[in-house]
>>> print(open('start_15.json').read())   # JSON, C-alpha atoms
[["chain", "number", "residue", "atom", "x", "y", "z"],
["A", 190, "MET", "CA", 0.00, 0.00, 0.00],
["A", 191, "ALA", "CA", 1.40, 3.39, -0.98],
["A", 192, "LEU", "CA", 1.75, 6.32, 1.37],
["A", 193, "THR", "CA", -1.16, 8.77, 1.46],
["A", 194, "PRO", "CA", -1.59, 12.15, 3.19],
["A", 195, "ARG", "CA", -4.42, 13.17, 5.50],
["A", 196, "SER", "CA", -4.69, 16.71, 6.83],
["A", 197, "TYR", "CA", -6.48, 19.21, 9.03],
["A", 198, "GLY", "CA", -6.18, 23.00, 9.05],
["A", 199, "LEU", "CA", -7.26, 25.76, 11.41],
["A", 200, "SER", "CA", -6.88, 29.55, 11.43],
["A", 201, "ASP", "CA", -7.88, 32.15, 14.02],
["A", 202, "VAL", "CA", -7.83, 35.93, 13.87],
["A", 203, "GLY", "CA", -6.27, 36.06, 17.33],
["A", 204, "ARG", "CA", -7.07, 38.33, 20.25],
["A", 205, "VAL", "CA", -5.72, 41.64, 18.91],
["A", 206, "ARG", "CA", -6.08, 41.87, 15.12],
["A", 207, "LYS", "CA", -9.41, 42.90, 13.60],
["A", 208, "LYS", "CA", -9.02, 40.80, 10.46],
["A", 209, "ASN", "CA", -7.29, 37.60, 9.51],
["A", 210, "GLU", "CA", -4.55, 38.13, 6.93],
["A", 211, "ASP", "CA", -3.49, 34.48, 7.04],
["A", 212, "SER", "CA", -4.71, 32.11, 4.33],
["A", 213, "TYR", "CA", -4.23, 28.37, 4.01],
["A", 214, "PHE", "CA", -4.97, 25.58, 1.56],
["A", 215, "ILE", "CA", -5.27, 21.81, 2.01],
["A", 216, "ASP", "CA", -6.05, 19.20, -0.64],
["A", 217, "ASP", "CA", -5.26, 15.58, 0.18],
["A", 218, "VAL", "CA", -6.10, 14.41, -3.34],
["A", 219, "LEU", "CA", -3.74, 16.88, -4.98],
["A", 220, "GLY", "CA", -1.30, 16.56, -2.07],
["A", 221, "LEU", "CA", -0.93, 20.34, -1.78],
["A", 222, "TYR", "CA", -0.62, 22.24, 1.50],
["A", 223, "VAL", "CA", 0.07, 25.97, 1.83],
["A", 224, "VAL", "CA", 0.24, 28.51, 4.64],
["A", 225, "ALA", "CA", 0.43, 32.20, 3.64],
["A", 226, "ASP", "CA", 0.80, 34.99, 6.19],
["A", 227, "GLY", "CA", -0.22, 38.24, 4.52],
["A", 228, "MET", "CA", 1.22, 41.59, 5.43],
["A", 229, "GLY", "CA", 0.34, 45.15, 4.58],
["A", 230, "GLY", "CA", -2.52, 45.90, 6.97],
["A", 231, "HIS", "CA", -4.81, 48.34, 5.19],
["A", 232, "ALA", "CA", -2.73, 47.70, 2.05],
["A", 233, "GLY", "CA", -4.29, 44.26, 1.71],
["A", 234, "GLY", "CA", -2.37, 41.49, 3.42],
["A", 235, "GLU", "CA", -5.41, 39.24, 3.25],
["A", 236, "VAL", "CA", -5.63, 39.90, -0.51],
["A", 237, "ALA", "CA", -1.96, 39.04, -0.98],
["A", 238, "SER", "CA", -2.17, 35.74, 0.90],
["A", 239, "ALA", "CA", -5.37, 34.62, -0.82],
["A", 240, "GLU", "CA", -4.20, 35.58, -4.31],
["A", 241, "ALA", "CA", -0.86, 33.87, -3.76],
["A", 242, "ILE", "CA", -2.52, 30.62, -2.81],
["A", 243, "ASP", "CA", -4.87, 30.81, -5.81],
["A", 244, "GLN", "CA", -1.88, 31.18, -8.13],
["A", 245, "ILE", "CA", 0.04, 28.33, -6.53],
["A", 246, "PHE", "CA", -2.97, 26.02, -6.74],
["A", 247, "ALA", "CA", -3.49, 26.84, -10.42],
["A", 248, "MET", "CA", 0.17, 26.25, -11.27],
["A", 249, "ILE", "CA", 0.41, 22.98, -9.36],
["A", 250, "ARG", "CA", -2.78, 21.67, -10.95],
["A", 251, "LYS", "CA", -1.36, 22.59, -14.34],
["A", 252, "GLY", "CA", 1.81, 20.68, -13.47],
["A", 253, "LEU", "CA", 0.12, 17.39, -12.61],
["A", 254, "PRO", "CA", 1.82, 15.60, -15.57],
["A", 255, "GLN", "CA", 5.25, 16.45, -14.11],
["A", 256, "ILE", "CA", 4.16, 15.19, -10.68],
["A", 257, "ALA", "CA", 2.83, 11.95, -12.20],
["A", 258, "ALA", "CA", 6.09, 11.44, -14.10],
["A", 259, "PHE", "CA", 8.07, 11.90, -10.89],
["A", 260, "GLN", "CA", 5.84, 9.40, -9.08],
["A", 261, "ARG", "CA", 6.38, 6.81, -11.83],
["A", 262, "ASN", "CA", 10.09, 7.44, -12.12],
["A", 263, "PRO", "CA", 11.82, 9.45, -9.35],
["A", 264, "SER", "CA", 14.82, 10.23, -11.55],
["A", 265, "ASP", "CA", 16.96, 13.32, -11.06],
["A", 266, "ASP", "CA", 15.44, 14.88, -14.18],
["A", 267, "ASN", "CA", 11.86, 14.33, -12.98],
["A", 268, "ARG", "CA", 12.77, 15.48, -9.49],
["A", 269, "GLY", "CA", 14.25, 18.66, -10.93],
["A", 270, "ALA", "CA", 11.13, 19.26, -13.03],
["A", 271, "VAL", "CA", 8.87, 19.15, -9.97],
["A", 272, "ARG", "CA", 11.19, 21.38, -7.96],
["A", 273, "ARG", "CA", 11.22, 23.92, -10.79],
["A", 274, "MET", "CA", 7.43, 23.72, -10.94],
["A", 275, "VAL", "CA", 7.15, 24.58, -7.24],
["A", 276, "GLU", "CA", 9.50, 27.52, -7.68],
["A", 277, "ALA", "CA", 7.60, 28.68, -10.76],
["A", 278, "ALA", "CA", 4.30, 28.49, -8.85],
["A", 279, "ILE", "CA", 5.63, 30.74, -6.09],
["A", 280, "GLN", "CA", 7.17, 33.11, -8.64],
["A", 281, "ALA", "CA", 3.79, 33.30, -10.41],
["A", 282, "ALA", "CA", 2.21, 34.22, -7.08],
["A", 283, "THR", "CA", 4.88, 36.87, -6.58],
["A", 284, "TYR", "CA", 4.24, 38.41, -9.97],
["A", 285, "MET", "CA", 0.47, 38.37, -9.48],
["A", 286, "VAL", "CA", 0.52, 40.00, -6.03],
["A", 287, "PHE", "CA", 3.03, 42.60, -7.18],
["A", 288, "GLY", "CA", 0.92, 43.33, -10.28],
["A", 289, "ILE", "CA", -2.23, 43.88, -8.22],
["A", 290, "ALA", "CA", -0.38, 46.37, -6.03],
["A", 291, "GLU", "CA", 1.00, 48.17, -9.08],
["A", 292, "GLN", "CA", -2.53, 48.63, -10.44],
["A", 293, "ASP", "CA", -3.96, 49.78, -7.10],
["A", 294, "PRO", "CA", -1.81, 52.31, -5.20],
["A", 295, "SER", "CA", -3.79, 51.69, -2.02],
["A", 296, "ARG", "CA", -2.36, 48.17, -1.96],
["A", 297, "LYS", "CA", 1.25, 49.10, -2.61],
["A", 298, "GLY", "CA", 3.57, 47.26, -0.24],
["A", 299, "MET", "CA", 1.32, 44.26, 0.36],
["A", 300, "GLY", "CA", 2.93, 40.86, 0.38],
["A", 301, "THR", "CA", 2.84, 37.45, 1.99],
["A", 302, "THR", "CA", 4.96, 34.63, 3.28],
["A", 303, "ILE", "CA", 4.61, 31.19, 1.69],
["A", 304, "SER", "CA", 5.26, 27.78, 3.16],
["A", 305, "CYS", "CA", 4.21, 25.23, 0.56],
["A", 306, "MET", "CA", 4.43, 21.44, 0.52],
["A", 307, "ILE", "CA", 3.49, 19.00, -2.22],
["A", 308, "PHE", "CA", 3.29, 15.34, -1.31],
["A", 309, "THR", "CA", 4.00, 13.16, -4.34],
["A", 310, "GLY", "CA", 4.34, 9.86, -2.49],
["A", 311, "PRO", "CA", 6.78, 8.97, -1.11],
["A", 312, "HIS", "CA", 8.44, 12.36, -1.66],
["A", 313, "ALA", "CA", 7.55, 15.78, -0.30],
["A", 314, "ILE", "CA", 8.66, 18.92, -2.13],
["A", 315, "VAL", "CA", 8.78, 22.08, -0.02],
["A", 316, "GLY", "CA", 8.87, 25.71, -1.18],
["A", 317, "GLN", "CA", 9.62, 28.49, 1.30],
["A", 318, "VAL", "CA", 9.59, 32.29, 1.35],
["A", 319, "GLY", "CA", 9.42, 34.32, 4.56],
["A", 320, "ASP", "CA", 8.95, 33.25, 8.17],
["A", 321, "SER", "CA", 6.06, 30.85, 8.23],
["A", 322, "ARG", "CA", 7.44, 27.38, 8.91],
["A", 323, "VAL", "CA", 7.27, 23.68, 8.11],
["A", 324, "TYR", "CA", 8.14, 21.18, 10.85],
["A", 325, "LEU", "CA", 8.50, 17.43, 10.63],
["A", 326, "VAL", "CA", 7.72, 15.14, 13.55],
["A", 327, "ARG", "CA", 9.29, 11.74, 12.85],
["A", 328, "GLN", "CA", 9.45, 8.99, 15.45],
["A", 329, "ASP", "CA", 8.47, 11.58, 18.09],
["A", 330, "VAL", "CA", 11.40, 13.83, 17.14],
["A", 331, "PRO", "CA", 10.32, 17.34, 15.97],
["A", 332, "VAL", "CA", 12.55, 19.25, 13.53],
["A", 333, "GLN", "CA", 12.08, 22.59, 11.78],
["A", 334, "ILE", "CA", 12.81, 21.82, 8.12],
["A", 335, "THR", "CA", 12.43, 25.31, 6.63],
["A", 336, "GLU", "CA", 14.63, 28.33, 7.25],
["A", 337, "ASP", "CA", 13.24, 31.67, 8.41],
["A", 338, "HIS", "CA", 13.98, 34.51, 6.02],
["A", 339, "THR", "CA", 14.33, 37.12, 8.74],
["A", 340, "LEU", "CA", 16.92, 39.66, 9.79],
["A", 341, "VAL", "CA", 17.21, 37.88, 13.14],
["A", 342, "ASN", "CA", 18.05, 34.56, 11.49],
["A", 343, "MET", "CA", 20.50, 36.23, 9.12],
["A", 344, "GLN", "CA", 22.33, 37.80, 12.07],
["A", 345, "LEU", "CA", 22.21, 34.55, 14.00],
["A", 346, "LYS", "CA", 23.79, 32.62, 11.13],
["A", 347, "ALA", "CA", 26.47, 35.29, 10.75],
["A", 348, "GLY", "CA", 27.32, 35.07, 14.45],
["A", 349, "ALA", "CA", 26.35, 38.70, 15.05],
["A", 350, "ILE", "CA", 23.93, 37.74, 17.83],
["A", 351, "THR", "CA", 23.50, 34.73, 20.10],
["A", 352, "ALA", "CA", 20.50, 32.42, 20.21],
["A", 353, "GLU", "CA", 19.49, 33.97, 23.52],
["A", 354, "GLN", "CA", 19.71, 37.49, 22.09],
["A", 355, "ALA", "CA", 17.70, 36.37, 19.04],
["A", 356, "ARG", "CA", 14.72, 35.63, 21.30],
["A", 357, "THR", "CA", 14.59, 39.18, 22.69],
["A", 358, "VAL", "CA", 15.60, 41.55, 19.87],
["A", 359, "PRO", "CA", 12.86, 44.12, 19.06],
["A", 360, "TYR", "CA", 12.77, 43.37, 15.31],
["A", 361, "GLN", "CA", 11.57, 39.77, 15.52],
["A", 362, "ASN", "CA", 9.11, 40.12, 12.64],
["A", 363, "LEU", "CA", 11.38, 41.88, 10.13],
["A", 364, "ILE", "CA", 11.52, 39.51, 7.16],
["A", 365, "THR", "CA", 14.08, 39.59, 4.36],
["A", 366, "ARG", "CA", 12.01, 37.83, 1.69],
["A", 367, "ALA", "CA", 8.32, 38.07, 0.85],
["A", 368, "VAL", "CA", 6.03, 37.17, -2.03],
["A", 369, "GLY", "CA", 4.69, 40.18, -3.92],
["A", 370, "VAL", "CA", 6.70, 43.06, -2.48],
["A", 371, "LYS", "CA", 8.78, 42.96, -5.68],
["A", 372, "ASP", "CA", 8.14, 41.17, -8.97],
["A", 373, "TYR", "CA", 10.72, 38.47, -8.13],
["A", 374, "VAL", "CA", 11.73, 36.63, -4.98],
["A", 375, "GLU", "CA", 14.34, 34.01, -4.17],
["A", 376, "VAL", "CA", 12.61, 30.74, -3.26],
["A", 377, "ASP", "CA", 14.03, 27.92, -1.15],
["A", 378, "VAL", "CA", 13.00, 24.59, -2.69],
["A", 379, "PHE", "CA", 14.01, 21.16, -1.42],
["A", 380, "ASP", "CA", 12.64, 17.63, -1.35],
["A", 381, "MET", "CA", 12.75, 14.73, 1.04],
["A", 382, "GLU", "CA", 11.53, 11.17, 1.30],
["A", 383, "CYS", "CA", 8.65, 10.56, 3.68],
["A", 384, "ALA", "CA", 8.11, 7.63, 5.99],
["A", 385, "PRO", "CA", 4.92, 6.07, 7.36],
["A", 386, "SER", "CA", 3.69, 7.97, 10.44],
["A", 387, "ASP", "CA", 5.54, 11.18, 9.52],
["A", 388, "ARG", "CA", 3.64, 14.26, 10.66],
["A", 389, "PHE", "CA", 4.21, 17.64, 9.03],
["A", 390, "VAL", "CA", 3.14, 20.91, 10.65],
["A", 391, "LEU", "CA", 2.85, 24.10, 8.59],
["A", 392, "CYS", "CA", 2.19, 27.24, 10.60],
["A", 393, "SER", "CA", 2.34, 31.03, 10.54],
["A", 394, "ASP", "CA", 4.53, 32.99, 12.94],
["A", 395, "GLY", "CA", 1.42, 33.76, 14.96],
["A", 396, "VAL", "CA", 1.81, 30.17, 16.17],
["A", 397, "HIS", "CA", 5.52, 29.39, 16.15],
["A", 398, "GLY", "CA", 6.41, 32.80, 17.54],
["A", 399, "TYR", "CA", 5.19, 31.61, 20.94],
["A", 400, "LEU", "CA", 7.10, 28.32, 20.90],
["A", 401, "LYS", "CA", 10.25, 28.15, 23.00],
["A", 402, "ASP", "CA", 11.78, 25.45, 20.82],
["A", 403, "GLU", "CA", 11.10, 22.40, 18.66],
["A", 404, "VAL", "CA", 10.50, 20.29, 21.76],
["A", 405, "GLU", "CA", 7.49, 22.43, 22.65],
["A", 406, "LEU", "CA", 6.21, 22.03, 19.09],
["A", 407, "GLY", "CA", 6.48, 18.27, 19.50],
["A", 408, "ARG", "CA", 4.67, 18.36, 22.83],
["A", 409, "LEU", "CA", 1.74, 20.25, 21.35],
["A", 410, "ALA", "CA", 1.49, 18.68, 17.92],
["A", 411, "GLY", "CA", 3.38, 15.41, 18.03],
["A", 412, "ARG", "CA", 0.57, 13.27, 19.37],
["A", 413, "GLY", "CA", -3.19, 12.91, 19.11],
["A", 414, "THR", "CA", -5.29, 13.31, 16.00],
["A", 415, "ARG", "CA", -4.54, 15.87, 13.32],
["A", 416, "GLU", "CA", -7.44, 18.01, 14.50],
["A", 417, "GLU", "CA", -6.32, 17.79, 18.12],
["A", 418, "ALA", "CA", -2.80, 18.81, 17.14],
["A", 419, "ALA", "CA", -3.89, 21.80, 15.06],
["A", 420, "ARG", "CA", -6.28, 22.98, 17.75],
["A", 421, "ALA", "CA", -3.61, 22.57, 20.43],
["A", 422, "LEU", "CA", -1.21, 24.81, 18.49],
["A", 423, "VAL", "CA", -3.75, 27.55, 17.81],
["A", 424, "SER", "CA", -5.14, 27.41, 21.36],
["A", 425, "PHE", "CA", -1.60, 27.68, 22.73],
["A", 426, "ALA", "CA", -1.00, 30.84, 20.67],
["A", 427, "LEU", "CA", -4.25, 32.37, 21.90],
["A", 428, "GLN", "CA", -3.47, 31.52, 25.52],
["A", 429, "LYS", "CA", -0.07, 33.19, 25.15],
["A", 430, "GLY", "CA", -1.72, 36.43, 24.03],
["A", 431, "GLY", "CA", -2.82, 35.89, 20.43],
["A", 432, "ARG", "CA", -1.21, 39.10, 19.22],
["A", 433, "ASP", "CA", -1.18, 37.87, 15.61],
["A", 434, "ASN", "CA", -3.34, 35.70, 13.38],
["A", 435, "ALA", "CA", -2.68, 32.03, 14.15],
["A", 436, "THR", "CA", -2.77, 29.30, 11.50],
["A", 437, "ALA", "CA", -1.72, 25.64, 11.74],
["A", 438, "LEU", "CA", -1.98, 22.74, 9.29],
["A", 439, "VAL", "CA", -1.19, 19.18, 10.30],
["A", 440, "VAL", "CA", -0.48, 16.58, 7.61],
["A", 441, "ASP", "CA", -0.11, 12.90, 8.51],
["A", 442, "ILE", "CA", 1.55, 10.44, 6.14],
["A", 443, "GLN", "CA", -0.29, 7.14, 6.38],
["A", 444, "GLY", "CA", 0.10, 3.69, 4.93],
["A", 445, "GLU", "CA", 3.10, 1.50, 4.29],
["A", 446, "ALA", "CA", 6.20, 2.12, 2.23],
["A", 447, "GLU", "CA", 6.61, 0.24, -1.01],
["A", 448, "PRO", "CA", 8.95, -2.81, -0.93],
["A", 449, "GLY", "CA", 12.56, -1.68, -0.96],
["A", 450, "PHE", "CA", 11.73, 1.82, 0.27],
["A", 451, "ASP", "CA", 14.04, 3.10, 2.98],
["A", 452, "VAL", "CA", 14.34, 6.42, 4.78],
["A", 453, "ASP", "CA", 17.32, 7.52, 6.80],
["A", 454, "ILE", "CA", 15.85, 8.74, 10.06],
["A", 455, "GLY", "CA", 19.36, 9.91, 11.09]]
>>> encode(input="start_15.json", output="structure tokens")
Amino acid sequence: MALTPRSYGLSDVGRVRKKNEDSYFIDDVLGLYVVADGMGGHAGGEVASAEAIDQIFAMIRKGLPQIAAFQRNPSDDNRGAVRRMVEAAIQAATYMVFGIAEQDPSRKGMGTTISCMIFTGPHAIVGQVGDSRVYLVRQDVPVQITEDHTLVNMQLKAGAITAEQARTVPYQNLITRAVGVKDYVEVDVFDMECAPSDRFVLCSDGVHGYLKDEVELGRLAGRGTREEAARALVSFALQKGGRDNATALVVDIQGEAEPGFDVDIG
């Protein structure tokens, strides 16, 4: 029996904001999961996140032949084709959001983060822009698998600040990449093999911003049903103050690996 995904998503406006600028998308048949955290306030963050997801969905649906080819034959060429498709989908979203803002001055400056995952069985292809995140919980071990595109993370990697300082600097939410602010954005794209019982968590910074570490993520979302895990994450964010919109998707990989399939848990 092949691996199949099953998912649950939840979003809350939070306790401070008047509107929800987060958007999300789940489709277990297509195997597509996206979290988009819009920004721009009155400039239309909710428009940016929704339009970005619409563009990504359209591009991925158009690319189903490439996905099917990769499923039949996971060669380097087919793998590269799917990775390029994911990047192209996010670039299309970037161009669309930027174009809307160019046509409507009141929306100038709007943009959105994107954390996107396509499950092709047994592979997952991830595309990332901004500071929403994708985590993997495998054999009860939680790991953040995307990188935050933030000034804090850039300084942390450069050794300019310590991990302890990174948790208290006043510019926590200053991101270095976003979809739609310009007509092009650099996209992180990578792929990985999935194993039975893998659990992926996609969330906006309104959720992960309250987490102390990956261990706390695992405590909240590593066990229970998908719905219980998503609700635990959003409820945790609200209990901690809910200063931002809070969105969490939980994707479980179910079934058994094909004969000969092996994943390095490492």
>>> residues_around(input="start_15.json", residues="region 416-421 of chain A", least_positions_apart="3", cutoff="8 Å", atoms="only C-alpha atoms", output="ChimeraX atom specification")
/A:197-199,409-413,424-425,437-439
>>> closest_residue(input="start_15.json", among="A:Arg356, A:Arg322, A:Arg366, A:Arg273", to="His397 (chain A)", atoms="all atoms listed in the file")
A:Arg322
>>> closest_residue(input="start_15.json", among="A:Gly252, A:Gly430, A:Gly407, A:Gly395", to="Asp320 (chain A)", atoms="all atoms listed in the file")
A:Gly395
>>> atom_distance(input="start_15.json", atom1="CA of Asp380 (chain A)", atom2="CA of Ala313 (chain A)")
5.5 Å
>>> atom_distance(input="start_15.json", atom1="CA of Pro331 (chain A)", atom2="CA of Ala435 (chain A)")
19.7 Å
>>> closest_residue(input="start_15.json", among="A:Glu403, A:Val378, A:Asn434, A:Thr301", to="Val332 (chain A)", atoms="all atoms listed in the file")
A:Glu403
>>> closest_residue(input="start_15.json", among="A:Ala347, A:Ile279, A:Cys392, A:Val205", to="Tyr324 (chain A)", atoms="only C-alpha atoms")
A:Cys392
>>> atom_distance(input="start_15.json", atom1="CA of Gln255 (chain A)", atom2="CA of Arg327 (chain A)")
27.7 Å
>>> residues_near_point(input="start_15.json", point="(-5.7, 42.6, 0.7)", cutoff="10 Å", atoms="only C-alpha atoms", output="VMD selection string")
chain A and resid 210 227 to 240 286 289 to 290 295 to 296 299 to 300
>>> write_last_selection(input="start_15.json", atoms="C-alpha atoms", output="PDB file, keeping the file's coordinate frame")
ATOM      1  CA  GLU A 210      -4.550  38.130   6.930  1.00  0.00           C
ATOM      2  CA  GLY A 227      -0.220  38.240   4.520  1.00  0.00           C
ATOM      3  CA  MET A 228       1.220  41.590   5.430  1.00  0.00           C
ATOM      4  CA  GLY A 229       0.340  45.150   4.580  1.00  0.00           C
ATOM      5  CA  GLY A 230      -2.520  45.900   6.970  1.00  0.00           C
ATOM      6  CA  HIS A 231      -4.810  48.340   5.190  1.00  0.00           C
ATOM      7  CA  ALA A 232      -2.730  47.700   2.050  1.00  0.00           C
ATOM      8  CA  GLY A 233      -4.290  44.260   1.710  1.00  0.00           C
ATOM      9  CA  GLY A 234      -2.370  41.490   3.420  1.00  0.00           C
ATOM     10  CA  GLU A 235      -5.410  39.240   3.250  1.00  0.00           C
ATOM     11  CA  VAL A 236      -5.630  39.900  -0.510  1.00  0.00           C
ATOM     12  CA  ALA A 237      -1.960  39.040  -0.980  1.00  0.00           C
ATOM     13  CA  SER A 238      -2.170  35.740   0.900  1.00  0.00           C
ATOM     14  CA  ALA A 239      -5.370  34.620  -0.820  1.00  0.00           C
ATOM     15  CA  GLU A 240      -4.200  35.580  -4.310  1.00  0.00           C
ATOM     16  CA  VAL A 286       0.520  40.000  -6.030  1.00  0.00           C
ATOM     17  CA  ILE A 289      -2.230  43.880  -8.220  1.00  0.00           C
ATOM     18  CA  ALA A 290      -0.380  46.370  -6.030  1.00  0.00           C
ATOM     19  CA  SER A 295      -3.790  51.690  -2.020  1.00  0.00           C
ATOM     20  CA  ARG A 296      -2.360  48.170  -1.960  1.00  0.00           C
ATOM     21  CA  MET A 299       1.320  44.260   0.360  1.00  0.00           C
ATOM     22  CA  GLY A 300       2.930  40.860   0.380  1.00  0.00           C
TER      23      GLY A 300
END
